[in-house]
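Colleague: Input structure: input_22.csv, which contains CSV, C-alpha atoms and all ligand atoms.
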```csv
chain,number,residue,atom,x,y,z
V,1127,MET,CA,107.9,54.5,112.2
V,1128,LEU,CA,107.1,57.1,109.6
V,1129,THR,CA,104.3,59.5,110.4
V,1130,ARG,CA,101.8,60.0,107.7
V,1131,ILE,CA,102.3,63.5,106.4
V,1132,ARG,CA,100.3,65.7,104.1
V,1133,ARG,CA,101.3,65.4,100.5
V,1134,GLY,CA,101.5,67.9,97.7
V,1135,TRP,CA,98.1,67.3,96.1
V,1136,GLU,CA,96.3,67.5,99.4
V,1137,LEU,CA,97.0,71.3,99.4
V,1138,PRO,CA,95.2,73.9,97.5
V,1139,GLU,CA,97.2,75.0,94.5
V,1140,SER,CA,98.0,78.3,96.0
V,1141,ALA,CA,99.8,76.6,98.9
V,1142,ALA,CA,100.9,73.5,97.1
V,1143,THR,CA,104.3,74.4,95.9
V,1144,PRO,CA,106.0,75.9,98.9
V,1145,GLU,CA,104.3,73.6,101.4
V,1146,SER,CA,104.9,70.4,99.5
V,1147,ILE,CA,108.6,71.2,99.2
V,1148,TYR,CA,108.6,71.8,103.0
V,1149,HIS,CA,106.8,68.6,103.7
V,1150,GLU,CA,108.7,66.5,101.3
V,1151,ARG,CA,112.0,67.7,102.6
V,1152,ARG,CA,110.8,66.6,106.0
V,1153,SER,CA,109.6,63.3,104.8
V,1154,LEU,CA,112.9,62.8,103.0
V,1155,VAL,CA,114.8,63.4,106.2
V,1156,LYS,CA,112.6,60.9,108.0
V,1157,ALA,CA,112.8,58.4,105.3
V,1158,LEU,CA,116.6,58.7,105.1
V,1159,ALA,CA,116.7,58.1,108.9
V,1160,ALA,CA,114.7,54.9,108.2
V,1161,GLY,CA,117.0,53.8,105.4
V,1162,PRO,CA,118.0,54.9,101.9
V,1163,ILE,CA,115.2,55.5,99.4
V,1164,LEU,CA,117.3,55.9,96.3
V,1165,LEU,CA,115.0,55.0,93.5
V,1166,ALA,CA,115.4,53.2,90.3
V,1167,GLY,CA,116.7,55.6,87.7
V,1168,GLY,CA,118.8,57.4,90.3
V,1169,GLY,CA,116.1,59.8,91.4
V,1170,LEU,CA,115.2,60.6,95.0
V,1171,LEU,CA,111.5,60.8,96.0
V,1172,VAL,CA,111.3,64.5,96.6
V,1173,GLY,CA,109.3,67.3,95.1
V,1174,CYS,CA,110.4,67.8,91.6
V,1175,ASP,CA,110.0,71.5,90.9
V,1176,ASP,CA,113.0,71.7,88.7
V,1177,PRO,CA,111.6,71.8,85.1
V,1178,ASP,CA,115.0,70.5,83.8
V,1179,GLN,CA,114.4,67.3,85.6
V,1180,THR,CA,111.5,66.4,83.4
V,1181,ALA,CA,112.7,68.0,80.2
V,1182,SER,CA,113.1,65.7,77.2
V,1183,SER,CA,113.3,66.1,73.4
V,1184,MET,CA,109.9,64.6,72.9
V,1185,SER,CA,106.9,66.1,74.7
V,1186,PRO,CA,104.4,63.9,76.5
V,1187,VAL,CA,101.9,64.8,73.9
V,1188,SER,CA,104.1,63.5,71.1
V,1189,ARG,CA,104.5,60.4,73.1
V,1190,ALA,CA,100.8,60.1,73.4
V,1191,HIS,CA,100.8,60.1,69.6
V,1192,ALA,CA,103.4,57.5,69.6
V,1193,ALA,CA,100.8,55.3,71.4
V,1194,GLU,CA,99.4,54.9,67.9
V,1195,THR,CA,101.4,51.7,67.7
V,1196,ASP,CA,99.1,50.5,70.5
V,1197,PRO,CA,97.3,47.3,69.4
V,1198,THR,CA,93.9,49.0,70.1
V,1199,ALA,CA,94.8,52.2,68.2
V,1200,GLU,CA,92.7,51.2,65.2
V,1201,LEU,CA,89.6,51.4,67.5
V,1202,TYR,CA,89.9,55.2,67.7
V,1203,PRO,CA,88.4,57.7,67.3
V,1204,VAL,CA,85.0,56.5,68.6
V,1205,PRO,CA,81.6,58.2,68.1
V,1206,ARG,CA,80.8,60.9,70.6
V,1207,ASN,CA,77.8,60.5,72.9
V,1208,GLU,CA,76.3,64.0,72.9
V,1209,THR,CA,74.2,63.4,76.0
V,1210,TYR,CA,77.1,64.6,78.1
V,1211,THR,CA,78.2,67.6,76.1
V,1212,VAL,CA,79.2,70.4,78.5
V,1213,GLU,CA,79.1,74.2,78.1
V,1214,ARG,CA,82.8,74.6,78.9
V,1215,ALA,CA,85.6,74.7,76.3
V,1216,ILE,CA,87.6,71.6,76.0
V,1217,THR,CA,91.0,71.9,77.8
V,1218,ASP,CA,94.0,71.9,75.4
V,1219,GLU,CA,95.6,68.5,75.1
V,1220,GLU,CA,99.0,69.7,76.2
V,1221,SER,CA,97.7,70.9,79.6
V,1222,ALA,CA,95.6,67.7,80.2
V,1223,THR,CA,98.6,65.5,79.4
V,1224,THR,CA,101.4,67.4,81.2
V,1225,TYR,CA,99.7,68.4,84.5
V,1226,ASN,CA,98.7,65.1,86.2
V,1227,ASN,CA,98.2,63.5,89.5
V,1228,PHE,CA,99.6,60.0,89.5
V,1229,TYR,CA,101.4,59.4,92.8
V,1230,GLU,CA,102.9,56.1,91.6
V,1231,PHE,CA,105.2,58.3,89.6
V,1232,GLY,CA,105.8,61.1,92.0
V,1233,SER,CA,103.8,63.5,94.3
V,1234,HIS,CA,104.0,66.4,91.9
V,1235,LYS,CA,102.3,67.2,88.6
V,1236,GLN,CA,105.1,66.7,86.1
V,1237,ILE,CA,105.0,62.9,86.1
V,1238,ALA,CA,104.3,62.5,82.3
V,1239,ASP,CA,107.9,61.5,81.5
V,1240,GLU,CA,108.3,59.2,84.4
V,1241,ALA,CA,105.0,57.5,83.5
V,1242,GLN,CA,106.4,56.4,80.2
V,1243,ALA,CA,108.2,53.6,82.0
V,1244,LEU,CA,104.9,51.8,82.6
V,1245,PRO,CA,104.6,48.7,80.4
V,1246,LEU,CA,101.1,48.4,79.0
V,1247,ARG,CA,101.3,44.9,77.4
V,1248,PRO,CA,100.4,42.3,78.4
V,1249,TRP,CA,97.7,44.0,80.6
V,1250,THR,CA,95.2,41.7,82.3
V,1251,VAL,CA,92.2,42.7,84.3
V,1252,THR,CA,90.8,40.5,87.1
V,1253,PHE,CA,87.2,40.3,88.2
V,1254,ASP,CA,86.8,38.6,91.5
V,1255,GLY,CA,85.0,38.4,94.8
V,1256,MET,CA,81.2,38.2,94.8
V,1257,VAL,CA,80.9,37.3,91.1
V,1258,GLU,CA,79.3,34.3,89.3
V,1259,LYS,CA,82.7,33.2,88.2
V,1260,GLU,CA,86.1,34.8,88.9
V,1261,LYS,CA,88.0,35.6,85.7
V,1262,THR,CA,91.1,37.4,84.4
V,1263,VAL,CA,91.0,38.8,80.9
V,1264,ASP,CA,93.4,40.4,78.6
V,1265,PHE,CA,92.7,44.1,78.1
V,1266,ASP,CA,92.8,43.9,74.3
V,1267,THR,CA,90.1,41.2,74.4
V,1268,LEU,CA,88.0,43.0,77.0
V,1269,ILE,CA,87.9,46.4,75.1
V,1270,ARG,CA,86.7,44.7,71.9
V,1271,GLN,CA,83.6,43.4,73.8
V,1272,MET,CA,82.7,46.8,75.1
V,1273,PRO,CA,80.4,49.5,73.5
V,1274,LEU,CA,83.0,52.3,72.8
V,1275,GLU,CA,82.0,55.9,72.8
V,1276,GLU,CA,83.4,59.3,73.5
V,1277,ARG,CA,82.2,61.6,76.3
V,1278,VAL,CA,83.3,65.1,77.1
V,1279,TYR,CA,83.4,65.4,80.9
V,1280,ARG,CA,84.4,68.0,83.4
V,1281,HIS,CA,87.0,66.8,85.9
V,1282,ARG,CA,87.3,68.5,89.3
V,1283,CYS,CA,90.3,67.7,91.5
V,1284,VAL,CA,89.9,68.1,95.2
V,1285,GLU,CA,92.8,70.6,95.0
V,1286,ALA,CA,90.5,73.0,93.1
V,1287,TRP,CA,91.8,72.8,89.6
V,1288,ALA,CA,89.5,71.5,86.8
V,1289,MET,CA,89.6,70.4,83.2
V,1290,THR,CA,87.2,69.4,80.4
V,1291,VAL,CA,88.3,66.5,78.3
V,1292,PRO,CA,87.0,64.0,75.7
V,1293,TRP,CA,87.4,60.5,77.2
V,1294,SER,CA,87.0,57.5,75.0
V,1295,GLY,CA,85.8,54.3,76.6
V,1296,PHE,CA,82.6,52.6,77.7
V,1297,ALA,CA,79.9,52.8,80.3
V,1298,MET,CA,81.0,51.2,83.5
V,1299,LYS,CA,77.6,49.5,83.5
V,1300,ALA,CA,78.8,47.4,80.6
V,1301,LEU,CA,81.8,46.3,82.6
V,1302,VAL,CA,79.7,45.4,85.6
V,1303,ASP,CA,77.4,43.3,83.4
V,1304,PHE,CA,80.5,41.6,82.0
V,1305,ALA,CA,81.7,40.8,85.6
V,1306,ALA,CA,78.3,39.4,86.5
V,1307,PRO,CA,78.3,40.2,90.3
V,1308,LEU,CA,76.1,38.3,92.7
V,1309,GLY,CA,72.9,40.0,93.9
V,1310,SER,CA,74.6,40.2,97.3
V,1311,ALA,CA,77.5,42.4,96.1
V,1312,LYS,CA,77.1,46.0,97.3
V,1313,TYR,CA,80.4,47.6,96.3
V,1314,VAL,CA,83.1,47.4,93.6
V,1315,ARG,CA,86.6,47.8,94.8
V,1316,MET,CA,89.2,48.8,92.2
V,1317,GLU,CA,93.0,48.5,92.4
V,1318,THR,CA,95.9,50.0,90.4
V,1319,PHE,CA,98.9,48.0,89.2
V,1320,MET,CA,101.6,47.4,91.8
V,1321,ASP,CA,105.2,47.5,90.4
V,1322,PRO,CA,107.7,49.6,92.4
V,1323,GLY,CA,110.3,48.7,89.8
V,1324,VAL,CA,108.6,51.0,87.2
V,1325,ALA,CA,106.7,53.2,89.6
V,1326,PRO,CA,109.2,54.7,92.0
V,1327,GLY,CA,106.4,56.4,94.1
V,1328,GLN,CA,105.4,52.9,95.2
V,1329,LYS,CA,108.7,52.6,97.0
V,1330,ALA,CA,107.4,55.2,99.5
V,1331,SER,CA,106.3,52.9,102.3
V,1332,TRP,CA,104.3,55.6,104.1
V,1333,TYR,CA,101.6,55.2,101.4
V,1334,PRO,CA,99.1,52.2,101.5
V,1335,TRP,CA,99.9,50.9,98.0
V,1336,PRO,CA,98.4,49.8,95.7
V,1337,TYR,CA,96.0,52.7,95.0
V,1338,VAL,CA,92.5,51.6,95.8
V,1339,GLU,CA,89.1,53.2,95.1
V,1340,GLY,CA,85.5,52.1,95.4
V,1341,LEU,CA,82.0,52.8,94.3
V,1342,THR,CA,78.6,51.3,95.3
V,1343,ILE,CA,77.1,49.0,92.7
V,1344,GLU,CA,74.4,51.6,92.1
V,1345,GLU,CA,77.1,54.3,91.4
V,1346,ALA,CA,79.0,51.9,89.2
V,1347,ARG,CA,75.8,51.1,87.2
V,1348,ASN,CA,74.9,54.8,86.9
V,1349,ASP,CA,75.0,56.1,83.3
V,1350,LEU,CA,77.7,58.6,84.1
V,1351,ALA,CA,80.3,56.2,85.5
V,1352,PHE,CA,82.7,55.6,82.7
V,1353,ILE,CA,85.7,53.5,82.1
V,1354,ALA,CA,88.1,55.5,80.0
V,1355,THR,CA,90.5,53.8,77.6
V,1356,GLY,CA,91.4,56.9,75.5
V,1357,LEU,CA,91.8,60.6,75.5
V,1358,TYR,CA,91.4,63.1,72.6
V,1359,GLY,CA,90.5,60.4,70.2
V,1360,ARG,CA,93.5,58.1,70.8
V,1361,PRO,CA,94.5,55.4,73.3
V,1362,MET,CA,95.0,56.7,76.8
V,1363,PRO,CA,98.4,58.3,77.5
V,1364,LYS,CA,100.3,56.5,80.3
V,1365,GLN,CA,100.3,59.6,82.5
V,1366,ASN,CA,96.5,59.8,82.3
V,1367,GLY,CA,96.0,56.2,83.5
V,1368,ALA,CA,96.5,53.8,80.5
V,1369,PRO,CA,95.2,51.4,79.5
V,1370,LEU,CA,92.0,51.9,81.5
V,1371,ARG,CA,91.0,54.2,84.3
V,1372,LEU,CA,87.8,55.4,85.9
V,1373,ALA,CA,86.0,58.7,85.1
V,1374,VAL,CA,83.3,59.6,87.7
V,1375,PRO,CA,82.9,63.3,87.0
V,1376,TRP,CA,80.5,64.1,89.9
V,1377,LYS,CA,83.2,63.2,92.4
V,1378,TYR,CA,86.5,64.7,93.3
V,1379,GLY,CA,89.3,63.5,90.9
V,1380,PHE,CA,91.0,61.2,93.3
V,1381,LYS,CA,88.0,58.8,92.9
V,1382,SER,CA,88.9,58.3,89.2
V,1383,ILE,CA,91.5,55.6,89.8
V,1384,LYS,CA,94.1,55.1,87.0
V,1385,SER,CA,95.7,52.0,85.4
V,1386,ILE,CA,93.3,49.5,86.9
V,1387,VAL,CA,94.1,45.8,87.2
V,1388,ARG,CA,91.4,44.5,89.4
V,1389,PHE,CA,87.7,44.9,90.0
V,1390,SER,CA,86.5,43.1,93.2
V,1391,PHE,CA,82.9,42.8,94.1
V,1392,THR,CA,82.1,42.8,97.8
V,1393,ASP,CA,79.5,43.5,100.4
V,1394,GLU,CA,81.9,45.5,102.6
V,1395,ARG,CA,82.7,49.1,101.9
V,1396,PRO,CA,86.3,49.2,100.7
V,1397,THR,CA,88.8,51.5,102.4
V,1398,THR,CA,90.2,53.8,99.8
V,1399,PHE,CA,93.8,54.9,99.4
V,1400,TRP,CA,93.2,58.5,100.5
V,1401,GLU,CA,90.8,57.5,103.2
V,1402,ASP,CA,93.5,55.2,104.6
V,1403,ILE,CA,96.0,58.1,104.6
V,1404,GLN,CA,93.7,60.8,106.0
V,1405,SER,CA,90.1,59.8,106.7
V,1406,ARG,CA,89.4,63.2,108.3
V,1407,GLU,CA,89.9,64.9,104.9
V,1408,TYR,CA,89.1,62.2,102.2
V,1409,GLY,CA,86.1,60.0,102.5
V,1410,PHE,CA,84.5,57.3,100.5
V,1411,TRP,CA,81.8,59.4,98.8
V,1412,ALA,CA,83.8,62.5,97.8
V,1413,ASN,CA,80.9,64.1,95.8
V,1414,VAL,CA,81.7,67.6,94.6
V,1415,ASN,CA,80.0,70.4,96.6
V,1416,PRO,CA,81.1,74.0,96.6
V,1417,ALA,CA,79.3,74.6,100.0
V,1418,VAL,CA,81.3,72.0,101.9
V,1419,SER,CA,84.9,73.2,102.4
V,1420,HIS,CA,87.8,70.8,102.6
V,1421,PRO,CA,89.1,71.1,106.2
V,1422,ARG,CA,92.0,73.2,104.9
V,1423,TRP,CA,90.6,75.2,102.0
V,1424,SER,CA,87.4,76.3,100.2
V,1425,GLN,CA,85.8,74.3,97.5
V,1426,ALA,CA,83.7,77.2,96.3
V,1427,ASP,CA,85.5,77.8,93.0
V,1428,GLU,CA,88.1,76.2,90.7
V,1429,ARG,CA,90.9,77.1,88.3
V,1430,LEU,CA,90.6,75.8,84.7
V,1431,LEU,CA,93.7,74.2,83.4
V,1432,GLY,CA,95.4,75.9,80.4
V,1433,VAL,CA,93.5,79.1,80.4
V,1434,ASP,CA,93.9,82.4,82.2
V,1435,THR,CA,90.2,83.3,82.8
V,1436,GLY,CA,90.4,83.4,86.6
V,1437,ARG,CA,88.5,81.1,88.9
V,1438,VAL,CA,85.0,79.9,88.1
V,1439,PRO,CA,82.3,78.8,90.5
V,1440,THR,CA,82.2,75.1,91.4
V,1441,ARG,CA,78.8,73.4,91.1
V,1442,ILE,CA,77.2,70.7,93.3
V,1443,TYR,CA,78.0,67.3,91.9
V,1444,ASN,CA,80.3,69.2,89.5
V,1445,GLY,CA,77.1,70.1,87.5
V,1446,TYR,CA,76.0,66.5,87.1
V,1447,GLY,CA,73.2,66.5,89.8
V,1448,GLU,CA,70.5,65.6,87.3
V,1449,PHE,CA,72.2,62.3,86.7
V,1450,VAL,CA,73.3,61.3,90.2
V,1451,SER,CA,71.6,63.2,93.0
V,1452,HIS,CA,69.0,60.4,93.4
V,1453,LEU,CA,71.8,58.0,94.3
V,1454,TYR,CA,72.2,59.8,97.7
V,1455,GLU,CA,68.6,60.2,98.8
V,1456,GLY,CA,68.3,58.9,102.3
V,1457,LEU,CA,72.1,59.0,102.9
V,1458,GLN,CA,72.1,62.6,104.2
V,1459,ASP,CA,73.6,61.5,107.6
V,1460,GLN,CA,76.7,60.3,105.8
V,1461,LYS,CA,79.7,62.4,104.8
V,1462,LEU,CA,78.7,62.6,101.2
V,1463,PHE,CA,80.9,65.6,100.2
V,1464,MET,CA,84.4,64.8,101.4
S,1,LIG,N1,96.4,55.2,90.6
S,1,LIG,C1,96.1,56.5,90.7
S,1,LIG,N2,95.0,57.0,90.3
S,1,LIG,C2,94.8,58.3,90.4
S,1,LIG,C3,95.7,59.2,91.1
S,1,LIG,C4,96.9,58.6,91.6
S,1,LIG,O1,97.7,59.3,92.2
S,1,LIG,N3,97.1,57.2,91.4
S,1,LIG,N4,95.4,60.5,91.3
S,1,LIG,C5,94.0,60.9,91.2
S,1,LIG,C6,93.7,62.3,91.2
S,1,LIG,S1,94.0,63.1,92.6
S,1,LIG,C7,93.3,63.0,90.1
S,1,LIG,S2,92.9,64.6,90.1
S,1,LIG,C8,93.2,62.3,88.8
S,1,LIG,C9,94.1,63.1,87.8
S,1,LIG,O2,93.9,62.5,86.5
S,1,LIG,P1,94.6,63.2,85.3
S,1,LIG,O3,96.1,63.2,85.6
S,1,LIG,O4,94.3,62.4,84.1
S,1,LIG,O5,94.1,64.6,85.2
S,1,LIG,O6,93.6,60.9,88.8
S,1,LIG,C10,93.3,60.2,90.0
S,1,LIG,N5,93.6,58.8,89.9
S,2,MO,MO,92.9,65.1,92.4
```
Kindly present the structure from the file in structure tokens form.

Modeller:
Amino acid sequence: MLTRIRRGWELPESAATPESIYHERRSLVKALAAGPILLAGGGLLVGCDDPDQTASSMSPVSRAHAAETDPTAELYPVPRNETYTVERAITDEESATTYNNFYEFGSHKQIADEAQALPLRPWTVTFDGMVEKEKTVDFDTLIRQMPLEERVYRHRCVEAWAMTVPWSGFAMKALVDFAAPLGSAKYVRMETFMDPGVAPGQKASWYPWPYVEGLTIEEARNDLAFIATGLYGRPMPKQNGAPLRLAVPWKYGFKSIKSIVRFSFTDERPTTFWEDIQSREYGFWANVNPAVSHPRWSQADERLLGVDTGRVPTRIYNGYGEFVSHLYEGLQDQKLFM
């Protein structure tokens, strides 16, 4: 039996590189003892710190542009909703599309090349559980029924790095209305695609694949909860969670599940991917709070991707308290900030 071990992104950035190499070597040794884990494409599931391993003639950003052949490309750009404009500078596109967390493609940040293997069409989205009528719809049909807009949001990873990016997409509220949940539904559980043939990380059996996340219905209907289908005025790059991913900017980044295939409505709180791995460190709520440290590092400040300005203070609810703090009144006894 493999022991669950800490993975790269569970570490603060300062410690991530050396420790993840250490842990991943250990996990590799254990995994090899349990049987070979040679992956499709000939790679081994180990920390990939060697830049040559991800080098290619075409940068991920160029490939994001190549997504213009996407059948939804003509929908972009979409009008910006200025309600959510933030005071921070927008992160450069190169940083936001080349420094990613997407464990399906590796437990390191340089997964943009590997993620290009993900086939995006056909892509269906299933709505099931406590809904008026279960249904599966084609993404290209679904997106055309949604009120598209652009929102500039801050994103705060639990590892204490942050970015500010223009997402295109639609309010999650519109998707919840489309799903027509029953009045008795209390949570929405979301699931990422499952295809170890294209996503070698999913061959790692010590993770509870597929990636699962969840929100309460009230959170999902909150104005800030957003389903992102694009980035920087174009369809979503694969490495950022194409064709649709969640963006809940008041929560740590791991809540913002990528490449979603299923929305299930339920009256039971779903167990999420990271909660399943390490519930002492990653909870269901995961609201950003600089005053509540992660068990292994401080959450007081953060590093902005792509700039060299030093660390900046982290804010409660990542600065979005005016929109969301009311959701948590009366829940103070719960672990709202992990
Ligand atoms: N399916 C899936 N979704 C995921 C992840 C993942 O590994 N798999 N990583 C999460 C984490 S930890 C973060 S910080 C964000 C990163 O999004 P970005 O790569 O677009 O910055 O995606 C989140 N969504
Ligand atoms: Mo994250």

Colleague: Have a look at V:Gly1295, V:Pro1245, V:Ile1237, V:Ala1306 and name the one nearest to Lys1259 in chain V; count all atoms listed in the file.

Modeller: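 Closest residue, counting all atoms listed in the file: V:Ala1306.
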
Colleague: Show me which residues are within 9 Å of ligand MO 2 (chain S) counting only C-alpha atoms and all ligand atoms, and format the list as a list in words.

Modeller: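 These are the residues that qualify: Trp1135, Glu1136, Asn1226, Asn1227, Phe1228, His1281, Arg1282, Cys1283, Val1284, Glu1285, Ala1286, Trp1287, Tyr1378, Gly1379, Phe1380, Lys1381 and Ser1382 of chain V.
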
Colleague: Work out how far CA of Ala1222 in chain V is from CA of Ala1346 in chain V, in Å to one decimal.

Modeller: 24.6 Å

Colleague: Take CA of Leu1457 in chain V and CA of Asn1348 in chain V and report the distance between them in Å, one decimal.

Modeller: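 Taking CA of Leu1457 in chain V as the start and CA of Asn1348 in chain V as the end point, the length is 16.8 Å.
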
Colleague: Pick the closest to ligand LIG 1 (chain S) from V:Val1314, V:Ala1351, V:Val1291, V:Val1414: which is it, counting only C-alpha atoms and all ligand atoms?

Modeller: V:Val1291

Colleague: Residues near Val1302 in chain V, anyone? I mean within 10 Å using only C-alpha atoms, not counting same-chain ones fewer than 4 positions away, as a JSON list (two decimals) with C-alpha atoms, in the coordinates of the input.

Modeller:
```json
[["chain", "number", "residue", "atom", "x", "y", "z"],
["V", 1253, "PHE", "CA", 87.20, 40.30, 88.20],
["V", 1257, "VAL", "CA", 80.90, 37.30, 91.10],
["V", 1297, "ALA", "CA", 79.90, 52.80, 80.30],
["V", 1298, "MET", "CA", 81.00, 51.20, 83.50],
["V", 1306, "ALA", "CA", 78.30, 39.40, 86.50],
["V", 1307, "PRO", "CA", 78.30, 40.20, 90.30],
["V", 1314, "VAL", "CA", 83.10, 47.40, 93.60],
["V", 1343, "ILE", "CA", 77.10, 49.00, 92.70],
["V", 1346, "ALA", "CA", 79.00, 51.90, 89.20],
["V", 1347, "ARG", "CA", 75.80, 51.10, 87.20],
["V", 1389, "PHE", "CA", 87.70, 44.90, 90.00],
["V", 1391, "PHE", "CA", 82.90, 42.80, 94.10]]
```

Colleague: Between V:Thr1318, V:Asn1415, V:Gln1425, V:Asn1444, which has the minimum distance to ligand LIG 1 (chain S) (counting all atoms listed in the file)?

Modeller: V:Thr1318
